[in-house]
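For reference, entry-v7.txt is printed below; it contains compact mmCIF, C-alpha atoms and all ligand atoms.
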# COMPACT_ATOMS: atom_id res chain seq x y z
CA MET A 1 15.99 8.24 17.83
CA GLY A 2 16.03 12.03 18.21
CA ALA A 3 14.52 14.69 15.98
CA VAL A 4 16.07 15.10 12.52
CA GLU A 5 16.04 18.41 10.66
CA ILE A 6 14.75 17.73 7.14
CA LYS A 7 14.52 21.36 5.99
CA PRO A 8 15.61 24.55 7.78
CA GLY A 9 13.34 24.75 10.82
CA ILE A 10 11.37 21.61 9.93
CA TYR A 11 12.04 18.43 11.87
CA TRP A 12 11.07 14.77 11.70
CA VAL A 13 9.84 14.02 15.23
CA GLY A 14 8.34 10.58 14.67
CA ALA A 15 8.78 7.11 16.10
CA ILE A 16 10.25 3.90 14.71
CA ASP A 17 8.33 0.69 15.26
CA TRP A 18 11.03 -1.95 14.92
CA SER A 19 8.87 -4.86 16.02
CA VAL A 20 5.49 -4.61 14.26
CA ARG A 21 5.03 -7.64 12.02
CA ASP A 22 1.29 -7.46 11.42
CA PHE A 23 -0.19 -4.16 10.35
CA HIS A 24 -3.91 -4.86 10.42
CA GLY A 25 -3.31 -8.10 8.54
CA TYR A 26 -0.59 -6.80 6.25
CA VAL A 27 2.71 -8.54 7.05
CA THR A 28 5.49 -6.05 7.79
CA PRO A 29 8.72 -8.05 8.11
CA ASN A 30 10.76 -4.83 8.22
CA GLY A 31 8.64 -2.98 10.79
CA THR A 32 7.58 0.57 10.05
CA SER A 33 7.86 4.14 11.23
CA TYR A 34 5.22 6.71 12.14
CA ASN A 35 6.54 9.97 10.74
CA ASN A 36 5.36 13.36 11.90
CA TYR A 37 6.92 16.75 11.48
CA LEU A 38 7.43 19.85 13.58
CA VAL A 39 7.70 23.30 12.00
CA LEU A 40 9.65 25.60 14.32
CA ASP A 41 8.59 29.00 13.11
CA LYS A 42 6.98 32.04 14.77
CA GLN A 43 4.02 29.73 15.25
CA VAL A 44 5.08 26.22 16.25
CA THR A 45 3.18 23.74 14.10
CA LEU A 46 2.97 19.98 14.38
CA VAL A 47 2.00 18.05 11.26
CA ASP A 48 0.40 14.71 12.22
CA THR A 49 0.94 12.68 15.36
CA VAL A 50 1.92 9.01 15.78
CA LYS A 51 0.32 5.74 16.87
CA HIS A 52 -0.77 6.11 20.47
CA ASP A 53 1.61 3.47 21.86
CA PHE A 54 4.45 5.63 20.54
CA SER A 55 3.22 9.00 21.79
CA GLU A 56 6.00 9.27 24.37
CA TYR A 57 8.62 8.94 21.61
CA THR A 58 7.28 11.85 19.60
CA LEU A 59 6.82 13.95 22.74
CA GLU A 60 10.42 13.30 23.70
CA ASN A 61 11.54 14.38 20.23
CA ILE A 62 9.41 17.53 20.42
CA ARG A 63 10.65 18.36 23.94
CA GLY A 64 14.20 18.17 22.63
CA LEU A 65 13.34 21.14 20.40
CA VAL A 66 10.60 23.10 22.14
CA ASP A 67 8.17 22.94 25.03
CA PRO A 68 5.09 21.13 23.59
CA ALA A 69 2.91 23.75 25.33
CA LYS A 70 4.17 26.21 22.68
CA ILE A 71 2.53 24.28 19.82
CA GLU A 72 -0.03 26.63 18.28
CA ASN A 73 -1.18 24.58 15.30
CA VAL A 74 -1.69 20.86 14.76
CA VAL A 75 -2.31 19.63 11.22
CA ILE A 76 -4.09 16.31 10.93
CA ASN A 77 -3.61 15.06 7.39
CA HIS A 78 -5.28 11.69 8.02
CA ILE A 79 -7.30 10.20 10.85
CA GLU A 80 -6.23 6.56 10.70
CA ASN A 81 -5.10 5.51 14.16
CA ASP A 82 -1.43 5.17 13.31
CA HIS A 83 -1.26 8.93 12.66
CA MET A 84 -3.79 10.71 14.81
CA SER A 85 -4.24 8.61 17.94
CA SER A 86 -1.73 10.66 19.98
CA ILE A 87 -3.71 13.85 19.42
CA ASP A 88 -5.16 13.64 22.94
CA ARG A 89 -1.64 13.70 24.43
CA ILE A 90 -0.69 16.69 22.30
CA MET A 91 -3.87 18.61 23.08
CA ALA A 92 -3.48 17.92 26.78
CA LEU A 93 -0.14 19.73 26.64
CA ALA A 94 -1.17 22.42 24.13
CA PRO A 95 -4.89 22.88 24.81
CA THR A 96 -5.19 26.19 22.95
CA ALA A 97 -3.69 24.87 19.71
CA THR A 98 -5.83 25.01 16.57
CA ILE A 99 -6.33 21.77 14.67
CA TYR A 100 -6.26 22.05 10.86
CA ILE A 101 -8.23 19.21 9.33
CA THR A 102 -10.65 18.43 6.49
CA ALA A 103 -14.41 18.37 7.15
CA ARG A 104 -14.45 14.60 6.85
CA GLY A 105 -11.45 14.36 9.12
CA LYS A 106 -13.21 16.39 11.81
CA LYS A 107 -16.30 14.20 11.54
CA GLY A 108 -14.13 11.12 12.04
CA LEU A 109 -12.08 12.61 14.86
CA ASP A 110 -15.31 13.35 16.74
CA ARG A 111 -15.95 9.60 16.80
CA PHE A 112 -12.67 8.87 18.53
CA PHE A 113 -12.31 11.73 21.01
CA ASP A 114 -14.33 14.27 22.93
CA THR A 115 -13.31 17.22 20.77
CA SER A 116 -15.74 19.71 22.29
CA LYS A 117 -12.99 21.76 23.97
CA TRP A 118 -10.58 21.72 21.00
CA GLN A 119 -10.39 24.51 18.43
CA PHE A 120 -10.58 23.61 14.78
CA ARG A 121 -10.11 25.17 11.41
CA ILE A 122 -11.71 23.11 8.67
CA VAL A 123 -9.63 23.30 5.50
CA LYS A 124 -9.97 22.40 1.85
CA THR A 125 -7.67 22.39 -1.16
CA GLY A 126 -5.88 25.71 -1.55
CA ASP A 127 -6.37 26.89 2.03
CA THR A 128 -3.20 27.99 3.76
CA LEU A 129 -1.65 28.33 7.18
CA ASN A 130 1.01 30.98 7.66
CA THR A 131 3.38 30.05 10.46
CA GLY A 132 5.41 33.26 10.29
CA THR A 133 7.95 32.74 7.55
CA LYS A 134 6.44 29.62 6.02
CA THR A 135 3.19 28.98 4.19
CA VAL A 136 1.55 25.59 4.46
CA THR A 137 -0.94 24.90 1.65
CA PHE A 138 -3.43 22.07 2.03
CA LEU A 139 -4.32 19.66 -0.74
CA GLU A 140 -7.26 17.32 -0.21
CA THR A 141 -6.66 13.77 -1.44
CA PRO A 142 -9.97 12.03 -0.71
CA MET A 143 -9.74 8.22 -0.89
CA LEU A 144 -5.96 8.31 -0.98
CA HIS A 145 -6.53 6.37 0.94
CA TRP A 146 -9.29 7.45 3.34
CA PRO A 147 -12.11 9.94 2.72
CA ASP A 148 -10.52 12.47 5.09
CA SER A 149 -7.01 12.35 3.63
CA MET A 150 -5.03 15.43 2.64
CA MET A 151 -1.44 16.52 2.12
CA SER A 152 0.41 19.61 3.33
CA TYR A 153 2.80 21.54 1.13
CA VAL A 154 5.35 23.98 2.54
CA GLN A 155 5.90 26.48 -0.25
CA GLU A 156 9.15 28.07 0.89
CA ASP A 157 10.84 24.68 1.29
CA LYS A 158 9.18 22.93 -1.68
CA LEU A 159 8.31 20.20 0.77
CA LEU A 160 5.30 17.92 0.30
CA ILE A 161 4.21 16.15 3.48
CA SER A 162 2.30 13.40 1.77
CA GLN A 163 0.74 11.37 4.58
CA ASP A 164 0.44 7.67 3.61
CA ALA A 165 1.13 8.22 -0.10
CA PHE A 166 4.72 7.51 -1.22
CA GLY A 167 5.42 5.70 2.08
CA GLN A 168 6.86 2.30 2.83
CA HIS A 169 6.72 0.01 5.82
CA LEU A 170 10.38 0.17 6.79
CA ALA A 171 11.92 0.59 10.21
CA SER A 172 15.36 2.05 9.72
CA SER A 173 17.83 4.41 11.30
CA ALA A 174 18.05 5.99 7.82
CA ARG A 175 15.63 8.85 7.39
CA PHE A 176 16.28 9.63 3.72
CA ASP A 177 16.24 7.66 0.47
CA ASP A 178 19.94 8.20 -0.26
CA GLU A 179 20.90 7.07 3.27
CA TYR A 180 18.76 3.94 2.97
CA CYS A 181 20.07 3.02 -0.49
CA ASP A 182 23.64 3.49 0.69
CA GLN A 183 22.97 1.11 3.59
CA TYR A 184 20.93 -1.46 1.65
CA SER A 185 20.07 -1.04 -2.04
CA VAL A 186 17.77 0.71 -4.45
CA SER A 187 16.02 -2.60 -5.07
CA ALA A 188 15.30 -3.07 -1.33
CA LEU A 189 13.63 0.33 -1.30
CA GLU A 190 11.81 -0.39 -4.55
CA HIS A 191 10.53 -3.67 -3.11
CA ALA A 192 9.17 -1.87 -0.03
CA VAL A 193 7.43 0.78 -2.15
CA ARG A 194 5.78 -1.79 -4.37
CA ASP A 195 4.71 -3.95 -1.45
CA TYR A 196 3.08 -0.94 0.20
CA TYR A 197 1.38 0.23 -2.99
CA ALA A 198 0.00 -3.23 -3.82
CA ASN A 199 -1.52 -3.75 -0.39
CA ILE A 200 -2.77 -0.24 0.33
CA LEU A 201 -3.13 1.80 -2.84
CA MET A 202 -3.98 -0.81 -5.48
CA PRO A 203 -7.69 0.13 -5.50
CA PHE A 204 -6.92 3.80 -6.05
CA GLY A 205 -4.77 3.85 -9.20
CA THR A 206 -7.13 6.17 -11.08
CA LEU A 207 -7.12 8.62 -8.18
CA VAL A 208 -3.34 8.43 -7.90
CA LYS A 209 -3.01 9.44 -11.55
CA ALA A 210 -5.54 12.25 -11.19
CA LYS A 211 -3.91 13.63 -8.05
CA ILE A 212 -0.41 13.60 -9.53
CA ALA A 213 -1.79 15.39 -12.60
CA GLU A 214 -3.44 17.95 -10.31
CA VAL A 215 -0.19 18.55 -8.44
CA ARG A 216 1.61 19.08 -11.74
CA LYS A 217 -1.14 21.41 -13.01
CA LEU A 218 -0.87 23.48 -9.83
CA GLY A 219 2.78 23.89 -10.72
CA LEU A 220 3.95 22.89 -7.26
CA GLN A 221 7.71 22.71 -7.14
CA ILE A 222 8.65 19.67 -5.10
CA ASP A 223 12.15 18.92 -4.01
CA MET A 224 11.30 16.74 -1.04
CA ILE A 225 8.45 14.33 -0.29
CA ALA A 226 8.01 13.38 3.35
CA PRO A 227 5.51 10.55 3.86
CA ASP A 228 4.07 9.35 7.17
CA HIS A 229 5.82 5.94 6.92
CA GLY A 230 9.37 4.98 6.06
CA ILE A 231 12.05 7.05 4.41
CA ILE A 232 11.83 10.62 3.10
CA TRP A 233 12.45 11.25 -0.60
CA ARG A 234 15.07 13.98 -0.94
CA LYS A 235 17.45 12.67 -3.61
CA ASP A 236 15.00 12.72 -6.51
CA PRO A 237 11.34 12.96 -5.49
CA ASN A 238 10.28 12.92 -9.14
CA LYS A 239 11.37 9.32 -9.32
CA ILE A 240 8.84 8.23 -6.70
CA LEU A 241 6.16 10.26 -8.50
CA GLN A 242 7.02 8.47 -11.75
CA MET A 243 7.11 5.13 -9.96
CA TYR A 244 3.59 5.78 -8.63
CA LEU A 245 2.39 6.71 -12.11
CA ASP A 246 3.81 3.49 -13.54
CA MET A 247 2.14 1.46 -10.81
CA ALA A 248 -1.15 3.32 -11.22
CA ASN A 249 -0.99 2.59 -14.94
CA ASP A 250 -1.10 -1.13 -14.08
CA LYS A 251 2.22 -2.05 -15.56
CA ALA A 252 2.90 -5.71 -14.90
CA ASP A 253 5.37 -8.42 -15.76
CA LEU A 254 4.57 -11.07 -18.34
CA ARG A 255 4.25 -13.82 -15.76
CA VAL A 256 1.62 -16.17 -14.35
CA VAL A 257 1.26 -16.53 -10.60
CA ILE A 258 -0.29 -19.75 -9.36
CA VAL A 259 -1.85 -19.30 -5.93
CA TYR A 260 -3.13 -22.53 -4.47
CA ASP A 261 -3.96 -24.46 -1.35
CA THR A 262 -4.39 -28.18 -0.95
CA MET A 263 -6.00 -30.75 1.37
CA TRP A 264 -4.26 -34.01 0.44
CA HIS A 265 -1.81 -32.76 -2.20
CA SER A 266 -4.02 -33.40 -5.24
CA THR A 267 -4.53 -29.73 -6.12
CA GLU A 268 -0.87 -29.23 -5.29
CA HIS A 269 0.06 -32.00 -7.70
CA MET A 270 -1.92 -30.26 -10.45
CA THR A 271 0.29 -27.19 -10.19
CA ILE A 272 3.26 -29.13 -11.61
CA PRO A 273 1.93 -29.98 -15.11
CA ILE A 274 0.14 -26.62 -15.25
CA MET A 275 3.41 -24.85 -14.47
CA GLU A 276 5.20 -26.94 -17.10
CA GLY A 277 2.56 -26.05 -19.69
CA ILE A 278 2.94 -22.34 -18.94
CA LYS A 279 6.70 -22.56 -19.15
CA ALA A 280 6.46 -24.51 -22.44
CA ALA A 281 4.61 -21.52 -23.90
CA GLY A 282 7.52 -19.29 -22.89
CA VAL A 283 5.99 -17.54 -19.88
CA GLU A 284 7.56 -17.44 -16.42
CA VAL A 285 5.62 -18.83 -13.47
CA ASP A 286 5.54 -18.08 -9.76
CA VAL A 287 3.91 -20.65 -7.45
CA ILE A 288 2.56 -19.62 -4.05
CA LYS A 289 1.01 -21.90 -1.49
CA LEU A 290 -1.41 -20.06 0.75
CA ARG A 291 -1.19 -20.95 4.47
CA ALA A 292 2.58 -21.09 3.87
CA THR A 293 2.74 -17.52 2.55
CA PRO A 294 1.47 -14.27 4.06
CA MET A 295 -1.54 -13.02 2.16
CA SER A 296 0.04 -9.61 1.58
CA THR A 297 3.01 -11.30 -0.12
CA ALA A 298 0.68 -13.20 -2.44
CA ILE A 299 -1.22 -9.97 -3.19
CA LYS A 300 1.96 -8.19 -4.22
CA ARG A 301 3.09 -11.03 -6.48
CA ILE A 302 -0.29 -11.13 -8.20
CA TRP A 303 -0.28 -7.39 -8.67
CA GLU A 304 3.20 -7.52 -10.23
CA SER A 305 2.16 -10.23 -12.73
CA ARG A 306 -0.16 -10.08 -15.70
CA ALA A 307 -2.07 -13.28 -14.93
CA MET A 308 -3.09 -15.49 -12.03
CA LEU A 309 -4.28 -19.04 -11.66
CA VAL A 310 -6.06 -20.08 -8.51
CA GLY A 311 -5.90 -23.68 -7.33
CA THR A 312 -8.56 -24.71 -4.85
CA PRO A 313 -9.81 -28.06 -3.60
CA THR A 314 -13.53 -28.40 -3.05
CA LEU A 315 -14.46 -28.64 0.61
CA ASN A 316 -18.13 -29.20 1.44
CA ASN A 317 -19.06 -28.08 -2.09
CA ILE A 318 -17.36 -24.72 -1.81
CA MET A 319 -13.88 -23.24 -2.13
CA PHE A 320 -11.18 -24.14 0.33
CA PRO A 321 -11.39 -21.57 3.18
CA SER A 322 -7.93 -20.02 2.69
CA ILE A 323 -8.65 -19.47 -1.02
CA ALA A 324 -12.09 -18.02 -0.31
CA GLU A 325 -10.56 -15.63 2.21
CA PHE A 326 -7.82 -14.67 -0.20
CA LEU A 327 -10.17 -13.96 -3.11
CA THR A 328 -12.43 -11.89 -0.88
CA HIS A 329 -9.42 -9.86 0.24
CA LEU A 330 -8.22 -9.48 -3.34
CA ARG A 331 -11.67 -8.33 -4.49
CA GLY A 332 -11.51 -5.49 -1.97
CA LEU A 333 -8.26 -4.34 -3.58
CA ARG A 334 -10.03 -4.15 -6.96
CA PRO A 335 -7.30 -5.54 -9.24
CA LYS A 336 -7.61 -4.54 -12.88
CA ASN A 337 -6.11 -5.65 -16.16
CA ARG A 338 -5.19 -9.12 -14.95
CA LEU A 339 -6.12 -12.42 -16.60
CA ALA A 340 -7.49 -15.17 -14.34
CA GLY A 341 -8.22 -18.89 -14.32
CA ALA A 342 -8.85 -21.67 -11.81
CA PHE A 343 -8.31 -25.38 -11.21
CA GLY A 344 -8.66 -27.87 -8.38
CA SER A 345 -9.51 -31.36 -7.23
CA PHE A 346 -12.74 -32.61 -5.72
CA GLY A 347 -14.03 -35.77 -4.07
CA TRP A 348 -17.68 -36.03 -4.91
CA GLY A 349 -19.69 -32.99 -6.05
CA GLY A 350 -17.09 -30.32 -6.91
CA GLY A 351 -18.02 -26.65 -6.92
CA ALA A 352 -14.87 -24.77 -5.86
CA VAL A 353 -13.62 -23.94 -9.36
CA LYS A 354 -17.03 -22.62 -10.34
CA GLU A 355 -17.02 -20.42 -7.25
CA ALA A 356 -13.56 -19.10 -8.08
CA TYR A 357 -14.79 -18.03 -11.53
CA ALA A 358 -17.77 -16.33 -9.90
CA GLU A 359 -15.29 -14.33 -7.81
CA PHE A 360 -13.32 -13.33 -10.91
CA LYS A 361 -16.56 -12.12 -12.46
CA LYS A 362 -17.35 -10.02 -9.37
CA MET A 363 -13.89 -8.47 -9.69
CA GLY A 364 -14.47 -7.75 -13.37
CA LEU A 365 -11.41 -9.76 -14.38
CA GLU A 366 -11.12 -11.39 -17.77
CA ALA A 367 -11.10 -15.17 -17.21
CA VAL A 368 -9.99 -18.16 -19.26
CA GLU A 369 -12.75 -20.75 -19.03
CA PRO A 370 -13.34 -23.53 -18.38
CA GLY A 371 -10.85 -24.32 -15.66
CA VAL A 372 -9.62 -27.81 -14.87
CA GLU A 373 -11.21 -30.08 -12.28
CA VAL A 374 -9.87 -33.47 -11.27
CA LEU A 375 -11.60 -36.24 -9.34
CA TYR A 376 -9.63 -37.16 -6.22
CA ARG A 377 -6.12 -37.49 -7.61
CA PRO A 378 -4.68 -36.46 -10.97
CA GLY A 379 -3.74 -39.44 -13.16
CA PRO A 380 -1.68 -39.38 -16.39
CA GLU A 381 -4.62 -38.16 -18.51
CA ASP A 382 -5.38 -35.43 -15.99
CA GLU A 383 -1.76 -34.36 -16.05
CA LYS A 384 -1.94 -33.98 -19.84
CA LYS A 385 -5.12 -31.94 -19.45
CA CYS A 386 -3.41 -29.74 -16.83
CA PHE A 387 -0.36 -29.24 -19.06
CA GLU A 388 -2.55 -28.22 -21.97
CA PHE A 389 -4.57 -25.87 -19.77
CA GLY A 390 -1.34 -24.23 -18.58
CA ARG A 391 -0.03 -23.90 -22.13
CA GLN A 392 -3.23 -22.35 -23.48
CA PHE A 393 -3.55 -20.08 -20.48
CA ALA A 394 -0.01 -18.81 -21.08
CA GLU A 395 -0.74 -18.18 -24.77
CA ARG A 396 -3.79 -16.14 -23.79
CA THR A 397 -1.65 -14.30 -21.27
CA ILE A 398 0.85 -13.31 -23.98
CA GLU A 399 -1.97 -11.92 -26.15
CA PHE A 400 -3.65 -10.20 -23.20
CA HIS A 401 -0.37 -8.60 -22.13
CA LYS A 402 0.10 -6.95 -25.53
CA GLN A 403 -2.83 -4.61 -24.84
CA PHE A 404 -0.88 -2.69 -22.23
CA ASN A 405 2.00 -0.27 -22.19
CA ASN A 406 4.75 -2.57 -20.99
CA ASP A 407 7.79 -0.58 -21.94
CA GLN A 408 9.01 -1.06 -18.38
CA PRO A 409 6.85 -3.98 -17.32
CA GLY A 410 6.67 -3.94 -13.55
CA LYS A 411 10.18 -2.57 -13.32
CA CYS A 412 9.88 0.85 -11.80
CA LYS A 413 13.13 2.11 -10.38
CA PRO A 414 12.91 4.66 -7.56
FE1 LIG B 1 -0.65 4.92 7.80
FE2 LIG B 1 -3.81 5.17 6.52
O1 LIG B 1 -2.50 5.07 7.83
What is this structure when it is put down as structure tokens?
Ligand code: FEO
Amino acid sequence: MGAVEIKPGIYWVGAIDWSVRDFHGYVTPNGTSYNNYLVLDKQVTLVDTVKHDFSEYTLENIRGLVDPAKIENVVINHIENDHMSSIDRIMALAPTATIYITARGKKGLDRFFDTSKWQFRIVKTGDTLNTGTKTVTFLETPMLHWPDSMMSYVQEDKLLISQDAFGQHLASSARFDDEYCDQYSVSALEHAVRDYYANILMPFGTLVKAKIAEVRKLGLQIDMIAPDHGIIWRKDPNKILQMYLDMANDKADLRVVIVYDTMWHSTEHMTIPIMEGIKAAGVEVDVIKLRATPMSTAIKRIWESRAMLVGTPTLNNIMFPSIAEFLTHLRGLRPKNRLAGAFGSFGWGGGAVKEAYAEFKKMGLEAVEPGVEVLYRPGPEDEKKCFEFGRQFAERTIEFHKQFNNDQPGKCKP
């Protein structure tokens, strides 16, 4: 796909990755794109690069507009490999270009490349680059989502190049939100945004809120947001800002997600009366079997719902491996304001349910204790116990949910 002009003199020159299905463990059924942008002004400026395997695509797009040797400035907003790992190809063609990067970004870049012959300008929030007729202002966004991260704002065009923030893993011939929604739907785009946020930005909700407040305080006029993945927001960029605020404020649906795995179907069997108990209390339920579901899908469903129940058999006195892996992954994403509980079957000593509660404690989640444990296979009495556990858990979920601002619970329209 060739370069696309997004603002007068500013072009998308990125690459579309139609086939990636595993993005460092995050399932990407719709592929992704690596977006970077070329400012054709008195000084030719490239903002970000692309994943190294795709370097030839961006070079081809740049060559269609200008000789890459004419690039005078390269802005590196973020040093994760999907955005900066073509920098060596760019610098080989434009060796006198100056790289604009944060101090932490430079430190990281030095670990990946021999940068001794490259020229740098270390920038911080408020610093600017004048390309002739355009002024690029830098805005550091540390831990959104790496320590080095920053955004670039082109004043004259009211364009925010936002790096990973506001992105989505979507491979599409559409470059803009309105084009994508015409081709698919608003809900398809909304789904992609939420999936991306849950799996990448969930730990950083407080920072998201603070950074959006800072942008508003600076009085930046924004009429386009161009992220480094997926489609560009030109129709109404305020909607994606509001959607991020809603997500950062931990809005969630009144729903319980049961995430379980099973050895010989006993823990699986327990999900049925538990689900019926939850439903009897008037709360909707979503049931996810790990090993049959990508972990990133389970993460998103948990993040969208106010409460989760984890079903784990005991194996060798500890949690079932897929559940242990899942809870460790979830802990890293630092979920907040979610209610938790656990259940499972065991053969002789038990121990998995206790371990699950220990994980909830590490995450700082409010838990409904005790959970339910069943010896070998649930019988009629166990089923009653499971039903009652589900019912009481749902009642606690309803009370817990009332603490939050749920005027649009989990329903954030882009
Ligand atoms: Fe798309 Fe943090 O890289």
Quiz prompt | Site check for ligand LIG 1 (chain B): residues at most 8 Å away, all atoms listed in the file, as an MDAnalysis selection string | solution = chainID A and resid 34 78:83 145:146 163:164 228:229
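Pairwise distance (atom CA of A:Ser187, atom CA of A:Ile288) equals 21.7 Å.
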List the spatial neighbours of A:Tyr57 as a JSON list (two decimals) with C-alpha atoms, keeping the file's coordinate frame - criterion: any atom at most 12 Å away, only C-alpha atoms, same-chain residues fewer than 4 positions off excluded.
[["chain", "number", "residue", "atom", "x", "y", "z"],
["A", 1, "MET", "CA", 15.99, 8.24, 17.83],
["A", 2, "GLY", "CA", 16.03, 12.03, 18.21],
["A", 3, "ALA", "CA", 14.52, 14.69, 15.98],
["A", 12, "TRP", "CA", 11.07, 14.77, 11.70],
["A", 13, "VAL", "CA", 9.84, 14.02, 15.23],
["A", 14, "GLY", "CA", 8.34, 10.58, 14.67],
["A", 15, "ALA", "CA", 8.78, 7.11, 16.10],
["A", 16, "ILE", "CA", 10.25, 3.90, 14.71],
["A", 17, "ASP", "CA", 8.33, 0.69, 15.26],
["A", 33, "SER", "CA", 7.86, 4.14, 11.23],
["A", 34, "TYR", "CA", 5.22, 6.71, 12.14],
["A", 35, "ASN", "CA", 6.54, 9.97, 10.74],
["A", 36, "ASN", "CA", 5.36, 13.36, 11.90],
["A", 49, "THR", "CA", 0.94, 12.68, 15.36],
["A", 50, "VAL", "CA", 1.92, 9.01, 15.78],
["A", 51, "LYS", "CA", 0.32, 5.74, 16.87],
["A", 52, "HIS", "CA", -0.77, 6.11, 20.47],
["A", 53, "ASP", "CA", 1.61, 3.47, 21.86],
["A", 61, "ASN", "CA", 11.54, 14.38, 20.23],
["A", 62, "ILE", "CA", 9.41, 17.53, 20.42],
["A", 63, "ARG", "CA", 10.65, 18.36, 23.94],
["A", 64, "GLY", "CA", 14.20, 18.17, 22.63],
["A", 86, "SER", "CA", -1.73, 10.66, 19.98],
["A", 89, "ARG", "CA", -1.64, 13.70, 24.43]]
Practice problem: Would you mind listing what lies within 8 Å of stretch 307-321 of chain A as a ChimeraX atom specification, with all atoms listed in the file counted and same-chain residues fewer than 6 positions away left out? | Solution: /A:254-263,267-268,271,338-347,349-353,355-356,397
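The shortest atom-to-atom distance to A:Met151, with only C-alpha atoms taken into account, belongs to A:Val123 out of A:Ile299, A:Leu189, A:Leu333, A:Val123.
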Kindly assemble as CSV a list of the stretch 207-318 of chain A residues that lie within 9 Å of stretch 19-26 of chain A, each paired with its nearest atom pair and their distance in Å to one decimal, using only C-alpha atoms, sorted first by chain and then by ascending residue number.
residue,atom,partner,partner_atom,distance
A:Pro294,CA,A:Tyr26,CA,8.1
A:Met295,CA,A:Tyr26,CA,7.5
A:Ser296,CA,A:Tyr26,CA,5.5
A:Thr297,CA,A:Tyr26,CA,8.6
Quiz item: Of the candidates A:Val47, A:Glu56, A:His269, A:Val4, which one gets nearest to A:Phe176 if we count all atoms listed in the file?
Solution: A:Val4
Quiz item: Could you pull the residues within 10 Å of A:Lys336, counting all atoms listed in the file, minus those fewer than 3 positions along the same chain, as a list in words?
Solution: Met202, Pro203, Gly205, Asn249, Asp250, Trp303, Arg306, Leu333, Leu339, Met363, Gly364, Leu365 and Glu366 of chain A
Take the residues from that selection and put them in a file with C-alpha atoms, as a compact mmCIF listing (two decimals), keeping the file's coordinate frame.
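This is the output file out22.txt:
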# COMPACT_ATOMS: atom_id res chain seq x y z
CA MET A 202 -3.98 -0.81 -5.48
CA PRO A 203 -7.69 0.13 -5.50
CA GLY A 205 -4.77 3.85 -9.20
CA ASN A 249 -0.99 2.59 -14.94
CA ASP A 250 -1.10 -1.13 -14.08
CA TRP A 303 -0.28 -7.39 -8.67
CA ARG A 306 -0.16 -10.08 -15.70
CA LEU A 333 -8.26 -4.34 -3.58
CA LEU A 339 -6.12 -12.42 -16.60
CA MET A 363 -13.89 -8.47 -9.69
CA GLY A 364 -14.47 -7.75 -13.37
CA LEU A 365 -11.41 -9.76 -14.38
CA GLU A 366 -11.12 -11.39 -17.77
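Nearest-residue note for A:Ile222: choosing from A:Ser152, A:Gln119, A:Ser85, A:Thr128, the minimum distance belongs to A:Ser152, counting all atoms listed in the file.
Here atom CA of A:His265 is placed at a distance of 19.2 Å from atom CA of A:Gly277.
Distances from A:Leu245, A:Ile10, A:Leu170, A:Leu218 to A:Val27 were compared using only C-alpha atoms, and the smallest one belongs to A:Leu170.
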Where's the centre, and what are the edge lengths in Å to one decimal, of a box along x, y and z enclosing all listed atoms of stretch 306-319 of chain A padded 4 Å per side, as lines of an AutoDock Vina configuration file?
center_x = -9.6
center_y = -19.6
center_z = -7.1
size_x = 26.9
size_y = 27.1
size_z = 25.1
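You can rank A:Thr98, A:Gln43, A:Thr115, A:Gln392 by their closest distance to A:Glu276 using all atoms listed in the file, and at the top of that list sits A:Gln392.
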Quiz item: Suppose you want the space between atom CA of A:Arg391 and atom CA of A:Ile278; what is it in Å?
Solution: 4.6 Å
Quiz item: Excluding same-chain residues fewer than 5 positions from A:Lys362, what lies within 12 Å of it counting all atoms listed in the file, as a list of chain:residue names?
Solution: A:Leu327, A:Thr328, A:Leu330, A:Arg331, A:Gly332, A:Arg334, A:Pro335, A:Lys336, A:Glu355, A:Ala356, A:Tyr357, A:Ala367
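Take the candidates A:Glu383, A:Glu5, A:Asp114, A:Glu399 and check each one against A:Ala281 using all atoms listed in the file; the shortest distance goes to A:Glu399.
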